[in-house]
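**Student:** Data: target_3.txt, compact mmCIF, N, CA and C atoms.
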```
# COMPACT_ATOMS: atom_id res chain seq x y z
N VAL A 1 0.84 -1.19 0.00
CA VAL A 1 0.00 0.00 0.00
C VAL A 1 0.88 1.25 0.00
N GLN A 2 0.61 2.14 -0.93
CA GLN A 2 1.33 3.42 -0.95
C GLN A 2 0.32 4.55 -1.08
N LEU A 3 0.46 5.51 -0.18
CA LEU A 3 -0.41 6.68 -0.17
C LEU A 3 0.48 7.91 -0.11
N VAL A 4 0.32 8.81 -1.06
CA VAL A 4 1.17 9.99 -1.15
C VAL A 4 0.30 11.24 -1.15
N GLU A 5 0.42 12.02 -0.08
CA GLU A 5 -0.36 13.24 0.05
C GLU A 5 0.41 14.43 -0.52
N SER A 6 -0.33 15.41 -0.99
CA SER A 6 0.27 16.66 -1.46
C SER A 6 -0.75 17.78 -1.35
N GLY A 7 -0.26 19.00 -1.51
CA GLY A 7 -1.17 20.14 -1.54
C GLY A 7 -1.19 21.00 -0.29
N GLY A 8 -0.44 20.59 0.73
CA GLY A 8 -0.40 21.40 1.93
C GLY A 8 0.37 22.69 1.73
N GLY A 9 0.34 23.53 2.77
CA GLY A 9 1.07 24.78 2.69
C GLY A 9 0.63 25.74 3.77
N LEU A 10 1.07 26.98 3.61
CA LEU A 10 0.72 28.05 4.55
C LEU A 10 -0.41 28.87 3.95
N VAL A 11 -1.44 29.08 4.73
CA VAL A 11 -2.60 29.84 4.24
C VAL A 11 -3.11 30.72 5.37
N GLN A 12 -3.67 31.84 5.01
CA GLN A 12 -4.23 32.74 6.01
C GLN A 12 -5.60 32.23 6.49
N PRO A 13 -5.99 32.60 7.69
CA PRO A 13 -7.34 32.23 8.15
C PRO A 13 -8.39 32.69 7.14
N GLY A 14 -9.35 31.81 6.91
CA GLY A 14 -10.39 32.10 5.93
C GLY A 14 -10.05 31.63 4.53
N GLY A 15 -8.82 31.21 4.33
CA GLY A 15 -8.39 30.78 3.01
C GLY A 15 -8.76 29.34 2.72
N SER A 16 -8.30 28.85 1.57
CA SER A 16 -8.62 27.50 1.10
C SER A 16 -7.38 26.76 0.64
N LEU A 17 -7.45 25.46 0.75
CA LEU A 17 -6.43 24.57 0.21
C LEU A 17 -7.12 23.31 -0.29
N ARG A 18 -6.50 22.67 -1.26
CA ARG A 18 -7.00 21.38 -1.74
C ARG A 18 -5.90 20.35 -1.58
N LEU A 19 -6.14 19.36 -0.76
CA LEU A 19 -5.19 18.27 -0.58
C LEU A 19 -5.51 17.14 -1.54
N SER A 20 -4.47 16.46 -1.99
CA SER A 20 -4.62 15.31 -2.87
C SER A 20 -3.90 14.11 -2.27
N CYS A 21 -4.41 12.94 -2.57
CA CYS A 21 -3.78 11.69 -2.12
C CYS A 21 -3.78 10.72 -3.28
N ALA A 22 -2.59 10.31 -3.69
CA ALA A 22 -2.44 9.32 -4.74
C ALA A 22 -2.26 7.95 -4.10
N ALA A 23 -3.12 7.02 -4.48
CA ALA A 23 -3.11 5.69 -3.89
C ALA A 23 -2.63 4.65 -4.88
N SER A 24 -1.87 3.69 -4.39
CA SER A 24 -1.42 2.59 -5.23
C SER A 24 -1.10 1.38 -4.35
N GLY A 25 -0.96 0.24 -5.01
CA GLY A 25 -0.58 -0.97 -4.28
C GLY A 25 -1.74 -1.75 -3.70
N PHE A 26 -2.94 -1.33 -3.98
CA PHE A 26 -4.11 -2.07 -3.55
C PHE A 26 -5.25 -1.73 -4.51
N THR A 27 -6.33 -2.48 -4.40
CA THR A 27 -7.47 -2.25 -5.28
C THR A 27 -8.28 -1.09 -4.74
N PHE A 28 -8.03 0.08 -5.29
CA PHE A 28 -8.62 1.31 -4.79
C PHE A 28 -10.14 1.25 -4.80
N THR A 29 -10.69 0.59 -5.80
CA THR A 29 -12.14 0.57 -5.96
C THR A 29 -12.82 -0.41 -5.00
N LYS A 30 -12.05 -0.96 -4.06
CA LYS A 30 -12.65 -1.86 -3.08
C LYS A 30 -12.57 -1.31 -1.66
N ASP A 31 -12.13 -0.06 -1.52
CA ASP A 31 -11.93 0.48 -0.18
C ASP A 31 -12.51 1.87 0.00
N ALA A 32 -13.05 2.11 1.19
CA ALA A 32 -13.31 3.48 1.59
C ALA A 32 -11.96 4.16 1.84
N MET A 33 -11.98 5.49 1.86
CA MET A 33 -10.75 6.24 2.12
C MET A 33 -11.04 7.32 3.16
N THR A 34 -10.00 7.71 3.84
CA THR A 34 -10.14 8.58 5.02
C THR A 34 -9.04 9.63 5.04
N TRP A 35 -9.36 10.79 5.58
CA TRP A 35 -8.37 11.80 5.95
C TRP A 35 -8.35 11.92 7.48
N VAL A 36 -7.16 11.91 8.02
CA VAL A 36 -6.97 12.18 9.44
C VAL A 36 -5.91 13.28 9.56
N ARG A 37 -5.83 13.87 10.73
CA ARG A 37 -4.83 14.92 10.94
C ARG A 37 -4.24 14.82 12.33
N GLN A 38 -3.07 15.41 12.48
CA GLN A 38 -2.41 15.43 13.78
C GLN A 38 -1.80 16.79 14.01
N ALA A 39 -2.34 17.50 14.98
CA ALA A 39 -1.80 18.80 15.36
C ALA A 39 -0.62 18.59 16.31
N PRO A 40 0.26 19.57 16.42
CA PRO A 40 1.42 19.42 17.30
C PRO A 40 1.02 19.08 18.73
N GLY A 41 1.59 18.03 19.26
CA GLY A 41 1.33 17.65 20.64
C GLY A 41 -0.02 16.99 20.89
N LYS A 42 -0.75 16.70 19.81
CA LYS A 42 -2.09 16.11 19.97
C LYS A 42 -2.17 14.76 19.27
N ALA A 43 -3.20 14.01 19.61
CA ALA A 43 -3.41 12.70 19.01
C ALA A 43 -3.96 12.84 17.59
N LEU A 44 -3.88 11.76 16.86
CA LEU A 44 -4.50 11.72 15.55
C LEU A 44 -6.00 11.97 15.69
N GLU A 45 -6.53 12.73 14.74
CA GLU A 45 -7.94 13.10 14.76
C GLU A 45 -8.56 12.73 13.42
N TRP A 46 -9.65 12.00 13.45
CA TRP A 46 -10.36 11.69 12.22
C TRP A 46 -11.01 12.96 11.67
N VAL A 47 -10.88 13.17 10.36
CA VAL A 47 -11.41 14.36 9.71
C VAL A 47 -12.60 14.01 8.82
N SER A 48 -12.39 13.03 7.93
CA SER A 48 -13.42 12.75 6.94
C SER A 48 -13.15 11.39 6.31
N SER A 49 -14.23 10.73 5.89
CA SER A 49 -14.13 9.48 5.15
C SER A 49 -15.11 9.51 4.00
N ILE A 50 -14.81 8.72 2.99
CA ILE A 50 -15.72 8.58 1.86
C ILE A 50 -15.83 7.10 1.53
N THR A 51 -17.07 6.64 1.40
CA THR A 51 -17.29 5.23 1.12
C THR A 51 -17.06 4.92 -0.35
N LEU A 52 -17.14 3.64 -0.65
CA LEU A 52 -17.06 3.22 -2.03
C LEU A 52 -18.46 3.11 -2.63
N ILE A 53 -19.39 2.63 -1.82
CA ILE A 53 -20.74 2.40 -2.30
C ILE A 53 -21.49 3.71 -2.45
N GLY A 54 -22.54 3.67 -3.21
CA GLY A 54 -23.39 4.84 -3.37
C GLY A 54 -22.71 6.00 -4.06
N GLY A 55 -21.71 5.70 -4.86
CA GLY A 55 -21.00 6.77 -5.55
C GLY A 55 -20.05 7.54 -4.66
N GLY A 56 -19.92 7.05 -3.44
CA GLY A 56 -19.01 7.71 -2.50
C GLY A 56 -19.77 8.60 -1.55
N ILE A 57 -20.18 8.06 -0.42
CA ILE A 57 -20.91 8.84 0.58
C ILE A 57 -19.90 9.47 1.53
N PRO A 58 -19.94 10.79 1.70
CA PRO A 58 -18.97 11.46 2.57
C PRO A 58 -19.42 11.52 4.02
N TYR A 59 -18.45 11.46 4.92
CA TYR A 59 -18.69 11.63 6.35
C TYR A 59 -17.67 12.63 6.87
N TYR A 60 -18.09 13.47 7.80
CA TYR A 60 -17.22 14.52 8.31
C TYR A 60 -17.29 14.59 9.83
N SER A 61 -16.17 14.98 10.41
CA SER A 61 -16.20 15.28 11.84
C SER A 61 -16.93 16.61 12.04
N ASP A 62 -17.43 16.82 13.23
CA ASP A 62 -18.13 18.06 13.52
C ASP A 62 -17.22 19.27 13.34
N ALA A 63 -15.92 19.06 13.55
CA ALA A 63 -14.98 20.18 13.48
C ALA A 63 -14.83 20.74 12.07
N VAL A 64 -15.12 19.93 11.05
CA VAL A 64 -14.88 20.38 9.68
C VAL A 64 -16.15 20.39 8.83
N LYS A 65 -17.23 19.87 9.38
CA LYS A 65 -18.47 19.78 8.60
C LYS A 65 -18.90 21.17 8.13
N GLY A 66 -19.25 21.25 6.86
CA GLY A 66 -19.66 22.52 6.28
C GLY A 66 -18.52 23.34 5.70
N ARG A 67 -17.28 22.95 6.00
CA ARG A 67 -16.12 23.68 5.49
C ARG A 67 -15.26 22.82 4.57
N PHE A 68 -15.18 21.54 4.85
CA PHE A 68 -14.34 20.63 4.07
C PHE A 68 -15.23 19.74 3.20
N THR A 69 -14.68 19.35 2.04
CA THR A 69 -15.37 18.43 1.15
C THR A 69 -14.40 17.34 0.70
N ILE A 70 -14.78 16.09 0.94
CA ILE A 70 -13.97 14.97 0.48
C ILE A 70 -14.55 14.44 -0.82
N SER A 71 -13.66 14.00 -1.69
CA SER A 71 -14.10 13.40 -2.95
C SER A 71 -13.08 12.38 -3.39
N ARG A 72 -13.47 11.55 -4.34
CA ARG A 72 -12.55 10.55 -4.88
C ARG A 72 -12.77 10.43 -6.37
N ASP A 73 -11.68 10.06 -7.07
CA ASP A 73 -11.73 9.80 -8.50
C ASP A 73 -11.21 8.38 -8.68
N ASN A 74 -12.12 7.45 -8.84
CA ASN A 74 -11.73 6.04 -8.94
C ASN A 74 -10.95 5.74 -10.21
N SER A 75 -11.11 6.57 -11.25
CA SER A 75 -10.38 6.35 -12.50
C SER A 75 -8.91 6.72 -12.35
N LYS A 76 -8.60 7.54 -11.34
CA LYS A 76 -7.22 8.00 -11.15
C LYS A 76 -6.62 7.51 -9.83
N ASN A 77 -7.39 6.75 -9.05
CA ASN A 77 -6.94 6.31 -7.72
C ASN A 77 -6.53 7.50 -6.85
N MET A 78 -7.38 8.50 -6.84
CA MET A 78 -7.09 9.73 -6.10
C MET A 78 -8.20 10.04 -5.11
N VAL A 79 -7.80 10.62 -3.99
CA VAL A 79 -8.73 11.16 -3.00
C VAL A 79 -8.35 12.61 -2.77
N TYR A 80 -9.35 13.43 -2.57
CA TYR A 80 -9.12 14.87 -2.40
C TYR A 80 -9.81 15.36 -1.13
N LEU A 81 -9.27 16.44 -0.60
CA LEU A 81 -9.91 17.12 0.52
C LEU A 81 -9.86 18.62 0.21
N GLN A 82 -11.00 19.16 -0.14
CA GLN A 82 -11.11 20.60 -0.36
C GLN A 82 -11.42 21.26 0.98
N MET A 83 -10.55 22.15 1.40
CA MET A 83 -10.68 22.79 2.70
C MET A 83 -10.93 24.28 2.51
N ASN A 84 -12.07 24.74 2.93
CA ASN A 84 -12.44 26.15 2.82
C ASN A 84 -12.61 26.75 4.22
N ARG A 85 -12.59 28.05 4.26
CA ARG A 85 -12.76 28.80 5.52
C ARG A 85 -11.87 28.22 6.61
N LEU A 86 -10.61 28.08 6.28
CA LEU A 86 -9.66 27.48 7.21
C LEU A 86 -9.46 28.33 8.45
N LYS A 87 -9.23 27.63 9.56
CA LYS A 87 -9.04 28.29 10.86
C LYS A 87 -7.67 27.90 11.40
N PRO A 88 -7.11 28.70 12.30
CA PRO A 88 -5.81 28.33 12.89
C PRO A 88 -5.84 26.94 13.53
N GLU A 89 -6.96 26.55 14.07
CA GLU A 89 -7.04 25.22 14.70
C GLU A 89 -7.05 24.07 13.70
N ASP A 90 -7.09 24.39 12.42
CA ASP A 90 -6.95 23.36 11.39
C ASP A 90 -5.48 23.04 11.10
N THR A 91 -4.58 23.79 11.70
CA THR A 91 -3.15 23.54 11.51
C THR A 91 -2.78 22.14 12.00
N ALA A 92 -2.19 21.36 11.12
CA ALA A 92 -1.87 19.97 11.43
C ALA A 92 -1.16 19.34 10.24
N VAL A 93 -0.63 18.15 10.47
CA VAL A 93 -0.21 17.30 9.37
C VAL A 93 -1.41 16.46 8.97
N TYR A 94 -1.73 16.48 7.69
CA TYR A 94 -2.89 15.75 7.18
C TYR A 94 -2.41 14.50 6.46
N TYR A 95 -3.07 13.39 6.79
CA TYR A 95 -2.75 12.10 6.21
C TYR A 95 -3.98 11.51 5.54
N CYS A 96 -3.76 10.81 4.45
CA CYS A 96 -4.85 9.97 3.94
C CYS A 96 -4.58 8.53 4.35
N ALA A 97 -5.63 7.81 4.55
CA ALA A 97 -5.53 6.44 5.03
C ALA A 97 -6.53 5.56 4.29
N LYS A 98 -6.17 4.29 4.23
CA LYS A 98 -7.02 3.30 3.55
C LYS A 98 -8.01 2.74 4.55
N GLY A 99 -9.30 2.82 4.17
CA GLY A 99 -10.32 2.27 5.02
C GLY A 99 -11.27 3.34 5.52
N PHE A 100 -12.34 2.90 6.17
CA PHE A 100 -13.36 3.80 6.69
C PHE A 100 -13.01 4.19 8.11
N LYS A 101 -12.84 5.50 8.34
CA LYS A 101 -12.45 6.03 9.66
C LYS A 101 -11.19 5.34 10.16
N ALA A 102 -10.32 4.99 9.24
CA ALA A 102 -9.07 4.31 9.56
C ALA A 102 -7.94 5.32 9.68
N ASN A 103 -6.88 4.92 10.38
CA ASN A 103 -5.69 5.77 10.40
C ASN A 103 -4.43 5.02 10.01
N TYR A 104 -4.59 3.76 9.59
CA TYR A 104 -3.45 2.97 9.13
C TYR A 104 -3.95 1.92 8.16
N PRO A 105 -3.25 1.68 7.05
CA PRO A 105 -2.04 2.39 6.65
C PRO A 105 -2.34 3.80 6.16
N ARG A 106 -1.37 4.67 6.33
CA ARG A 106 -1.52 6.05 5.88
C ARG A 106 -0.23 6.52 5.24
N GLY A 107 -0.30 7.67 4.60
CA GLY A 107 0.86 8.21 3.91
C GLY A 107 1.79 8.94 4.85
N GLN A 108 2.71 9.71 4.25
CA GLN A 108 3.70 10.43 5.05
C GLN A 108 3.17 11.77 5.53
N GLY A 109 2.05 12.19 4.97
CA GLY A 109 1.40 13.40 5.42
C GLY A 109 1.84 14.65 4.67
N THR A 110 1.00 15.67 4.76
CA THR A 110 1.31 16.99 4.20
C THR A 110 0.93 18.04 5.23
N GLN A 111 1.83 19.00 5.43
CA GLN A 111 1.64 20.00 6.48
C GLN A 111 0.70 21.10 6.01
N VAL A 112 -0.28 21.41 6.84
CA VAL A 112 -1.16 22.54 6.61
C VAL A 112 -1.00 23.50 7.78
N THR A 113 -0.65 24.73 7.47
CA THR A 113 -0.48 25.75 8.50
C THR A 113 -1.40 26.93 8.19
N VAL A 114 -2.26 27.24 9.13
CA VAL A 114 -3.19 28.35 8.97
C VAL A 114 -2.77 29.45 9.93
N SER A 115 -2.26 30.52 9.38
CA SER A 115 -1.72 31.58 10.21
C SER A 115 -1.68 32.89 9.42
N SER A 116 -1.86 33.98 10.14
CA SER A 116 -1.74 35.29 9.50
C SER A 116 -0.33 35.84 9.67
```
Could you write out this file's structure as structure tokens?
**Tutor:**
Amino acid sequence: VQLVESGGGLVQPGGSLRLSCAASGFTFTKDAMTWVRQAPGKALEWVSSITLIGGGIPYYSDAVKGRFTISRDNSKNMVYLQMNRLKPEDTAVYYCAKGFKANYPRGQGTQVTVSS
């Protein structure tokens, strides 16, 4: 299993970023996919998952609901996380993971910093 995240960076509060995750080494079309994050000094936190069935049903934590959108492109083995109205508390390393509300296996992560 290989998961490679990209798209992180420094953004001002209220700004947007789009994270991408390239998946390989497993049958992508047979698994739900998940984004989790880890802020400095804190535990891993589930952010969002998307199922395989039903065209991909999204689930969100209360912390990001209404601001983040998860999507997947099964033709490209890609998962995305569109993050809008970012807040300083969204600062973390973001990881994609294989499975529903899973945190392992996951990629190496991409840093998102929300600061003015």
**Student:** Looking only at the backbone, which of the residues in chain A does DSSP tag as strand (DSSP E or B), as a PyMOL selection string?
**Tutor:** chain A and resi 2-6+9-11+17-24+33-38+44-50+58-60+68-73+78-83+92-98+106+110-114
**Student:** Tell me which of A:Gln12, A:Thr110, A:Gln38, A:Thr29 sits closest to Gly56 of chain A, counting only C-alpha atoms.
**Tutor:**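 Closest candidate: A:Thr29.
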**Student:** Between A:Leu86, A:Leu10, A:Val36, A:Val1, which has the minimum distance to Val112 of chain A (counting only N, CA and C atoms)?
**Tutor:** A:Leu10
**Student:** If I take atom CA of Asn103 of chain A and atom CA of Ile50 of chain A, how far is one from the other in Å, to one decimal?
**Tutor:**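 Going from atom CA of Asn103 of chain A over to atom CA of Ile50 of chain A, I get 13.5 Å.
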**Student:** Nearest to Tyr60 of chain A: which of A:Asp90, A:Leu3, A:Ala43, A:Lys101 is it, counting only C-alpha atoms?
**Tutor:**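 Checking each candidate against Tyr60 of chain A, we get A:Lys101 as the closest.
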**Student:** Kindly extract all protein, DNA and RNA residues lying within 6.5 Å of the coordinates (-16.8, 14.0, 5.5) given in the file, considering only N, CA and C atoms, and supply them as a PyMOL selection string.
**Tutor:** chain A and resi 47-50+58-61+68-70
**Student:** Select all residues near (-3.8, 10.7, -8.4) (cut-off 6.5 Å, inclusive, file coordinates), counting all atoms listed in the file, and output them as a ChimeraX atom specification.
**Tutor:** /A:21-23,76-79
